[in-house]
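Down below is the structure, laid out as structure tokens.
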Amino acid sequence: MPTDEITAAAAGTWTLGDRTVHRMGFGSMRITANPDRDRAVALLRRAVELGVNHIDTAAFYVSPGGTLRVGTGPARYATELIRAALAPYPQDLVIATKVGFGYDPETGFTEAFTPAQLRAQVEENLRRLGRDQLDVVYLRLGRGPGEVPLEERFGALADLRSAGLIRHLGLSNVRPEQLDDVAGIAPVVCVQNNYGVDAYREQDALVRASGERGIAYVPFFALAGTGREAGASAAQGEAVEAVARAHGVTAHQVRLAWTLHQGPHVLAIPGTADPTHLVQNIAAGALTLTPEDLKNLT
């Protein structure tokens, strides 16, 4: 499949609140790994040239250490690389970030529960991105119930939304019933959980429920699957490989196309630090899978 002329527009669009984005976006976690910041800057600019107008990030995406636990040299924050590459920002660019988790180079990961802690993380994102308002903020939940009820934490972010620091809110690492818990507090425009063609398929019900509510579902690790931060395995699975061979595309492109085929509300945010992979990922938005392909991938 020719890729160079295919832009993110090929994947179609979805509206997050009042912001329309192409369904093929970009995840920024992996751009921090290389000490050469110019490569990250160039990659981000290339993504926007190819029509990406939805970038996923977090202030805790940082190397050395951080989520990837790799790297040497001075601290490289994905949010600051985005600012260096793209500010002043294009008017149609939507940057989604996360709070609830933070990272300190000396103490490691921390979880924010109180209004003051959550506000500090929002302000950190504003500062590092160079923004007066954050387009989308996910409340990233831990695996346990947390020290403070979800409603209180989400309510604190809703207050910051009312104050104009946040435009739209989302939830990450969320269970279906938690959407009901916050329904009366503020609109949820997007959900971000682990999900992929052969991983975390227990999320199928939440994908459907999100679509029924008009909420975007934005899976992370759609390419890496259970490999998570370590990245995708070289072994892609026979079903994925067979579909890839039939279409003359890469296994990664099949994974991304499958993701987009799960519903018009499903957005893809593949991350990469490789310019060739960036072009291939975006081109996957133009790949149409047949009903038989989808059946074989189930």
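Chain identifiers are assigned as A, B, and so on, following the order in which chains appear in the structure tokens; residues are numbered from 1 within each chain, and ligands are numbered from 1 in order of appearance.
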Contacts of segment 85-89 of chain A within 7 Å, only C-alpha atoms, excl. fewer than 2 positions in-chain, as a compact mmCIF listing (two decimals) with N, CA and C atoms, in the first residue's frame:
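Once everything was written out, this is selection_15.txt:
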# COMPACT_ATOMS: atom_id res chain seq x y z
N VAL A 41 11.55 16.60 17.75
CA VAL A 41 10.94 17.82 17.19
C VAL A 41 10.58 17.61 15.73
N LEU A 44 7.51 15.21 15.39
CA LEU A 44 6.24 15.86 15.71
C LEU A 44 5.79 16.78 14.58
N ARG A 45 6.71 17.52 14.02
CA ARG A 45 6.35 18.41 12.91
C ARG A 45 5.91 17.61 11.69
N LEU A 81 8.78 18.85 24.50
CA LEU A 81 9.15 18.59 23.11
C LEU A 81 8.02 19.02 22.18
N ILE A 82 6.78 18.76 22.58
CA ILE A 82 5.62 19.19 21.79
C ILE A 82 5.62 20.71 21.67
N ARG A 83 5.88 21.38 22.77
CA ARG A 83 5.92 22.85 22.74
C ARG A 83 7.02 23.35 21.81
N GLN A 91 -4.40 26.00 15.04
CA GLN A 91 -5.69 26.19 15.67
C GLN A 91 -6.48 24.90 15.80
N LEU A 93 -5.25 21.89 16.33
CA LEU A 93 -4.54 20.85 17.08
C LEU A 93 -5.15 20.66 18.46
Spatial neighbours of segment 123-138 of chain A, max dist 7 Å, only C-alpha atoms, sep filter under 5 positions, as a PyMOL selection string: chain A and resi 59+79-80+82-83+94-99+164-172
Please, could you write that set of residues out with N, CA, C and O atoms as a tab-separated table (two decimals), in the first residue's frame?
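Done, and the output landed in again.tsv:
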chain	number	residue	atom	x	y	z
A	59	ALA	N	2.53	14.82	31.45
A	59	ALA	CA	3.72	15.42	32.03
A	59	ALA	C	4.65	14.36	32.62
A	59	ALA	O	5.84	14.62	32.82
A	79	THR	N	5.87	16.76	26.85
A	79	THR	CA	5.11	18.00	26.77
A	79	THR	C	5.99	19.16	26.29
A	79	THR	O	5.56	20.00	25.49
A	80	GLU	N	7.23	19.21	26.76
A	80	GLU	CA	8.13	20.29	26.36
A	80	GLU	C	8.62	20.10	24.93
A	80	GLU	O	8.83	21.09	24.21
A	82	ILE	N	6.78	18.76	22.58
A	82	ILE	CA	5.62	19.19	21.79
A	82	ILE	C	5.62	20.71	21.67
A	82	ILE	O	5.40	21.27	20.58
A	83	ARG	N	5.88	21.38	22.77
A	83	ARG	CA	5.92	22.85	22.74
A	83	ARG	C	7.02	23.35	21.81
A	83	ARG	O	6.81	24.26	20.99
A	94	VAL	N	-5.47	19.41	18.79
A	94	VAL	CA	-5.99	19.05	20.11
A	94	VAL	C	-4.92	18.25	20.83
A	94	VAL	O	-4.47	17.21	20.33
A	95	ILE	N	-4.51	18.73	21.99
A	95	ILE	CA	-3.52	18.03	22.81
A	95	ILE	C	-4.23	17.49	24.05
A	95	ILE	O	-4.80	18.26	24.83
A	96	ALA	N	-4.21	16.18	24.20
A	96	ALA	CA	-4.84	15.53	25.35
A	96	ALA	C	-3.74	15.08	26.31
A	96	ALA	O	-2.76	14.45	25.90
A	97	THR	N	-3.90	15.42	27.58
A	97	THR	CA	-2.91	15.04	28.57
A	97	THR	C	-3.59	14.36	29.74
A	97	THR	O	-4.81	14.17	29.74
A	98	LYS	N	-2.80	13.96	30.73
A	98	LYS	CA	-3.34	13.19	31.84
A	98	LYS	C	-2.83	13.74	33.17
A	98	LYS	O	-1.70	14.22	33.27
A	99	VAL	N	-3.69	13.65	34.17
A	99	VAL	CA	-3.30	13.92	35.54
A	99	VAL	C	-3.81	12.76	36.40
A	99	VAL	O	-4.55	11.91	35.94
A	164	GLY	N	-11.85	27.53	33.61
A	164	GLY	CA	-11.25	27.84	32.31
A	164	GLY	C	-9.88	27.25	32.07
A	164	GLY	O	-9.29	27.48	31.01
A	165	LEU	N	-9.36	26.43	33.02
A	165	LEU	CA	-8.04	25.84	32.83
A	165	LEU	C	-8.09	24.59	31.94
A	165	LEU	O	-7.07	24.19	31.37
A	166	ILE	N	-9.26	23.98	31.85
A	166	ILE	CA	-9.46	22.75	31.09
A	166	ILE	C	-10.68	22.94	30.20
A	166	ILE	O	-11.69	23.50	30.62
A	167	ARG	N	-10.59	22.43	28.97
A	167	ARG	CA	-11.73	22.53	28.05
A	167	ARG	C	-12.64	21.32	28.16
A	167	ARG	O	-13.86	21.45	28.22
A	168	HIS	N	-12.03	20.11	28.13
A	168	HIS	CA	-12.82	18.88	28.17
A	168	HIS	C	-12.15	17.85	29.08
A	168	HIS	O	-10.93	17.88	29.26
A	169	LEU	N	-12.97	16.92	29.60
A	169	LEU	CA	-12.47	15.93	30.54
A	169	LEU	C	-12.64	14.51	30.01
A	169	LEU	O	-13.59	14.20	29.28
A	170	GLY	N	-11.71	13.64	30.40
A	170	GLY	CA	-11.80	12.23	30.08
A	170	GLY	C	-11.40	11.40	31.29
A	170	GLY	O	-10.97	11.92	32.32
A	171	LEU	N	-11.54	10.09	31.16
A	171	LEU	CA	-11.14	9.15	32.21
A	171	LEU	C	-10.24	8.08	31.60
A	171	LEU	O	-10.49	7.62	30.48
A	172	SER	N	-9.22	7.67	32.32
A	172	SER	CA	-8.29	6.66	31.86
A	172	SER	C	-8.16	5.56	32.90
A	172	SER	O	-8.13	5.82	34.10
Picked from segment 17-162 of chain A by DSSP as alpha helix (DSSP H), as a ChimeraX atom specification: /A:37-49,78-86,115-129,150-162
Restricting it to C-alpha atoms, dump the selection as a PDB file, in the first residue's frame.
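Contents of the output file selection-v2.pdb:
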ATOM      1  CA  ARG A  37      15.721  16.140  20.956  1.00  0.00           C
ATOM      2  CA  ASP A  38      15.903  17.433  17.384  1.00  0.00           C
ATOM      3  CA  ARG A  39      14.717  14.040  16.156  1.00  0.00           C
ATOM      4  CA  ALA A  40      11.623  14.267  18.344  1.00  0.00           C
ATOM      5  CA  VAL A  41      10.939  17.815  17.193  1.00  0.00           C
ATOM      6  CA  ALA A  42      11.233  16.793  13.546  1.00  0.00           C
ATOM      7  CA  LEU A  43       8.977  13.775  14.069  1.00  0.00           C
ATOM      8  CA  LEU A  44       6.244  15.863  15.711  1.00  0.00           C
ATOM      9  CA  ARG A  45       6.353  18.413  12.908  1.00  0.00           C
ATOM     10  CA  ARG A  46       6.160  15.621  10.348  1.00  0.00           C
ATOM     11  CA  ALA A  47       3.111  14.168  12.124  1.00  0.00           C
ATOM     12  CA  VAL A  48       1.299  17.492  11.857  1.00  0.00           C
ATOM     13  CA  GLU A  49       2.334  17.819   8.199  1.00  0.00           C
ATOM     14  CA  ALA A  78       7.181  14.933  25.937  1.00  0.00           C
ATOM     15  CA  THR A  79       5.114  18.004  26.766  1.00  0.00           C
ATOM     16  CA  GLU A  80       8.126  20.291  26.361  1.00  0.00           C
ATOM     17  CA  LEU A  81       9.150  18.594  23.110  1.00  0.00           C
ATOM     18  CA  ILE A  82       5.625  19.190  21.794  1.00  0.00           C
ATOM     19  CA  ARG A  83       5.916  22.854  22.737  1.00  0.00           C
ATOM     20  CA  ALA A  84       9.333  23.175  21.101  1.00  0.00           C
ATOM     21  CA  ALA A  85       8.094  21.543  17.908  1.00  0.00           C
ATOM     22  CA  LEU A  86       4.643  23.026  17.466  1.00  0.00           C
ATOM     23  CA  PRO A 115      -7.773  19.130  44.687  1.00  0.00           C
ATOM     24  CA  ALA A 116      -4.449  20.852  45.415  1.00  0.00           C
ATOM     25  CA  GLN A 117      -2.421  17.934  44.047  1.00  0.00           C
ATOM     26  CA  LEU A 118      -4.563  17.674  40.922  1.00  0.00           C
ATOM     27  CA  ARG A 119      -4.390  21.414  40.334  1.00  0.00           C
ATOM     28  CA  ALA A 120      -0.596  21.291  40.656  1.00  0.00           C
ATOM     29  CA  GLN A 121      -0.456  18.627  37.941  1.00  0.00           C
ATOM     30  CA  VAL A 122      -2.786  20.615  35.682  1.00  0.00           C
ATOM     31  CA  GLU A 123      -0.577  23.668  36.159  1.00  0.00           C
ATOM     32  CA  GLU A 124       2.533  21.621  35.394  1.00  0.00           C
ATOM     33  CA  ASN A 125       0.980  20.543  32.086  1.00  0.00           C
ATOM     34  CA  LEU A 126       0.000  24.119  31.286  1.00  0.00           C
ATOM     35  CA  ARG A 127       3.512  25.319  32.036  1.00  0.00           C
ATOM     36  CA  ARG A 128       5.372  22.629  30.105  1.00  0.00           C
ATOM     37  CA  LEU A 129       3.054  22.906  27.095  1.00  0.00           C
ATOM     38  CA  LEU A 150     -13.491   9.117  42.230  1.00  0.00           C
ATOM     39  CA  GLU A 151     -16.342  11.600  42.398  1.00  0.00           C
ATOM     40  CA  GLU A 152     -14.273  14.001  44.498  1.00  0.00           C
ATOM     41  CA  ARG A 153     -11.232  13.799  42.241  1.00  0.00           C
ATOM     42  CA  PHE A 154     -13.279  14.200  39.079  1.00  0.00           C
ATOM     43  CA  GLY A 155     -15.189  17.013  40.745  1.00  0.00           C
ATOM     44  CA  ALA A 156     -11.919  18.831  41.424  1.00  0.00           C
ATOM     45  CA  LEU A 157     -11.091  18.678  37.716  1.00  0.00           C
ATOM     46  CA  ALA A 158     -14.628  19.790  36.861  1.00  0.00           C
ATOM     47  CA  ASP A 159     -14.000  22.869  39.007  1.00  0.00           C
ATOM     48  CA  LEU A 160     -10.821  23.598  37.037  1.00  0.00           C
ATOM     49  CA  ARG A 161     -12.849  23.162  33.867  1.00  0.00           C
ATOM     50  CA  SER A 162     -15.347  25.734  35.137  1.00  0.00           C
TER      51      SER A 162
END
Every residue of segment 44-215 of chain A that DSSP places in strand (DSSP E), as a PyMOL selection string: chain A and resi 54-56+62-63+76-77+94-99+101-104+108-111+134-140+166-172+188-192
Between atom CA of Val240 of chain A and atom CA of Ala205 of chain A - distance in Å to one decimal: 22.1 Å
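Look at Asp56 of chain A: the protein and nucleic acid residues within 8 Å of it, using only C-alpha atoms and passing over chain neighbours fewer than 2 places away, are Gly25, Phe26, Gly27, Ser28, His54, Ala58, Ile95, Ala96, Thr97 and Ile269 of chain A.
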Restricting the output to N, CA and C atoms, write the selected residues as an mmCIF file, in the first residue's frame.
data_model
loop_
_atom_site.group_PDB
_atom_site.id
_atom_site.type_symbol
_atom_site.label_atom_id
_atom_site.label_comp_id
_atom_site.auth_asym_id
_atom_site.auth_seq_id
_atom_site.Cartn_x
_atom_site.Cartn_y
_atom_site.Cartn_z
ATOM 1 N N GLY A 25 -4.385 9.628 15.345
ATOM 2 C CA GLY A 25 -3.602 10.634 16.045
ATOM 3 C C GLY A 25 -2.188 10.149 16.307
ATOM 4 N N PHE A 26 -1.579 10.682 17.357
ATOM 5 C CA PHE A 26 -0.185 10.359 17.663
ATOM 6 C C PHE A 26 0.003 10.324 19.171
ATOM 7 N N GLY A 27 0.640 9.262 19.666
ATOM 8 C CA GLY A 27 0.989 9.150 21.078
ATOM 9 C C GLY A 27 2.438 9.524 21.298
ATOM 10 N N SER A 28 2.691 10.391 22.273
ATOM 11 C CA SER A 28 4.014 11.019 22.406
ATOM 12 C C SER A 28 4.949 10.352 23.399
ATOM 13 N N HIS A 54 -4.455 15.435 16.658
ATOM 14 C CA HIS A 54 -4.772 14.916 17.999
ATOM 15 C C HIS A 54 -3.520 14.244 18.532
ATOM 16 N N ALA A 58 1.468 13.371 28.374
ATOM 17 C CA ALA A 58 1.344 13.478 29.831
ATOM 18 C C ALA A 58 2.632 14.089 30.355
ATOM 19 N N ILE A 95 -4.506 18.729 21.995
ATOM 20 C CA ILE A 95 -3.517 18.026 22.811
ATOM 21 C C ILE A 95 -4.234 17.494 24.050
ATOM 22 N N ALA A 96 -4.214 16.178 24.197
ATOM 23 C CA ALA A 96 -4.837 15.529 25.351
ATOM 24 C C ALA A 96 -3.739 15.084 26.308
ATOM 25 N N THR A 97 -3.904 15.422 27.580
ATOM 26 C CA THR A 97 -2.908 15.044 28.567
ATOM 27 C C THR A 97 -3.588 14.355 29.744
ATOM 28 N N ILE A 269 -3.987 6.256 18.619
ATOM 29 C CA ILE A 269 -2.893 7.168 18.987
ATOM 30 C C ILE A 269 -1.564 6.405 19.005
#
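Across A:Glu202, A:Tyr77, A:Met24, A:Leu223, the tightest approach to Leu287 of chain A is made by A:Met24 when counting only C-alpha atoms.
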Long-range neighbours of segment 242-252 of chain A as a list in words, 9 Å cut-off, only C-alpha atoms, 3 positions minimum in chain: Met1, Leu223, Ala232, Gln236, Gly237, Glu238, Ala239, Arg255, Leu256, Ala257, Gln280, Asn281, Ala284, Leu287, Leu289, Asp293, Asn296 and Leu297 of chain A
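For the pair atom CA of Pro219 of chain A and atom CA of Leu294 of chain A, the interatomic distance is 17.8 Å.
Neighbouring residues of Val70 of chain A at 12 Å or closer, counting only C-alpha atoms and skipping chain neighbours under 2 positions away, are Met29, Arg30, Ile31, Thr32, Ala33, Asn34, Pro35, Tyr61, Val62, Ser63, Pro64, Gly65, Gly66, Thr67, Leu68, Thr72, Gly73, Ala75, Arg76, Glu229 and Ala230 of chain A.
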I need the chosen residues saved as a compact mmCIF listing (two decimals), in the first residue's frame, with N, CA, C and O atoms.
# COMPACT_ATOMS: atom_id res chain seq x y z
N MET A 29 4.55 9.26 24.03
CA MET A 29 5.37 8.68 25.09
C MET A 29 6.78 8.32 24.62
O MET A 29 7.77 8.60 25.30
N ARG A 30 6.90 7.73 23.42
CA ARG A 30 8.18 7.18 22.99
C ARG A 30 9.16 8.22 22.45
O ARG A 30 10.33 7.90 22.24
N ILE A 31 8.72 9.44 22.22
CA ILE A 31 9.62 10.43 21.64
C ILE A 31 10.66 10.92 22.64
O ILE A 31 11.61 11.60 22.26
N THR A 32 10.49 10.59 23.94
CA THR A 32 11.45 11.06 24.94
C THR A 32 12.69 10.19 25.03
O THR A 32 13.68 10.58 25.66
N ALA A 33 12.67 9.00 24.44
CA ALA A 33 13.73 8.02 24.69
C ALA A 33 15.08 8.45 24.13
O ALA A 33 16.12 8.23 24.75
N ASN A 34 15.09 9.05 22.95
CA ASN A 34 16.35 9.40 22.28
C ASN A 34 16.90 10.72 22.82
O ASN A 34 16.18 11.71 22.89
N PRO A 35 18.17 10.76 23.22
CA PRO A 35 18.75 12.01 23.72
C PRO A 35 18.77 13.14 22.70
O PRO A 35 18.90 14.31 23.07
N TYR A 61 5.43 11.66 31.00
CA TYR A 61 6.19 11.07 29.90
C TYR A 61 7.53 11.80 29.84
O TYR A 61 7.66 12.88 29.24
N VAL A 62 8.52 11.22 30.45
CA VAL A 62 9.83 11.86 30.57
C VAL A 62 10.91 10.80 30.58
O VAL A 62 10.71 9.69 31.09
N SER A 63 12.04 11.11 29.99
CA SER A 63 13.24 10.27 30.06
C SER A 63 14.40 11.18 30.43
O SER A 63 14.37 12.38 30.12
N PRO A 64 15.43 10.68 31.09
CA PRO A 64 15.64 9.32 31.56
C PRO A 64 14.63 8.91 32.65
O PRO A 64 14.02 9.76 33.29
N GLY A 65 14.53 7.62 32.85
CA GLY A 65 13.58 7.10 33.84
C GLY A 65 12.18 7.16 33.28
O GLY A 65 11.92 6.76 32.16
N GLY A 66 11.27 7.70 34.06
CA GLY A 66 9.91 7.88 33.62
C GLY A 66 9.22 6.59 33.25
O GLY A 66 9.58 5.49 33.69
N THR A 67 8.20 6.71 32.43
CA THR A 67 7.37 5.57 32.06
C THR A 67 8.17 4.49 31.32
O THR A 67 7.98 3.29 31.54
N LEU A 68 9.08 4.91 30.44
CA LEU A 68 9.85 3.95 29.65
C LEU A 68 11.04 3.36 30.42
O LEU A 68 11.58 2.33 30.04
N THR A 72 19.48 8.41 28.82
CA THR A 72 20.55 9.10 29.54
C THR A 72 20.44 10.58 29.20
O THR A 72 19.69 10.99 28.32
N GLY A 73 21.25 11.38 29.89
CA GLY A 73 21.30 12.80 29.60
C GLY A 73 20.27 13.60 30.38
O GLY A 73 19.66 13.11 31.33
N ALA A 75 16.82 15.72 31.38
CA ALA A 75 15.41 15.34 31.31
C ALA A 75 14.77 15.83 30.02
O ALA A 75 14.98 16.97 29.60
N ARG A 76 14.01 14.93 29.39
CA ARG A 76 13.29 15.26 28.16
C ARG A 76 11.81 14.95 28.38
O ARG A 76 11.41 13.79 28.44
N GLU A 229 4.88 -0.82 27.83
CA GLU A 229 5.98 0.13 27.61
C GLU A 229 7.16 -0.49 26.86
O GLU A 229 7.93 0.22 26.22
N ALA A 230 7.32 -1.80 26.94
CA ALA A 230 8.43 -2.46 26.28
C ALA A 230 8.28 -2.46 24.76
O ALA A 230 9.24 -2.68 24.03
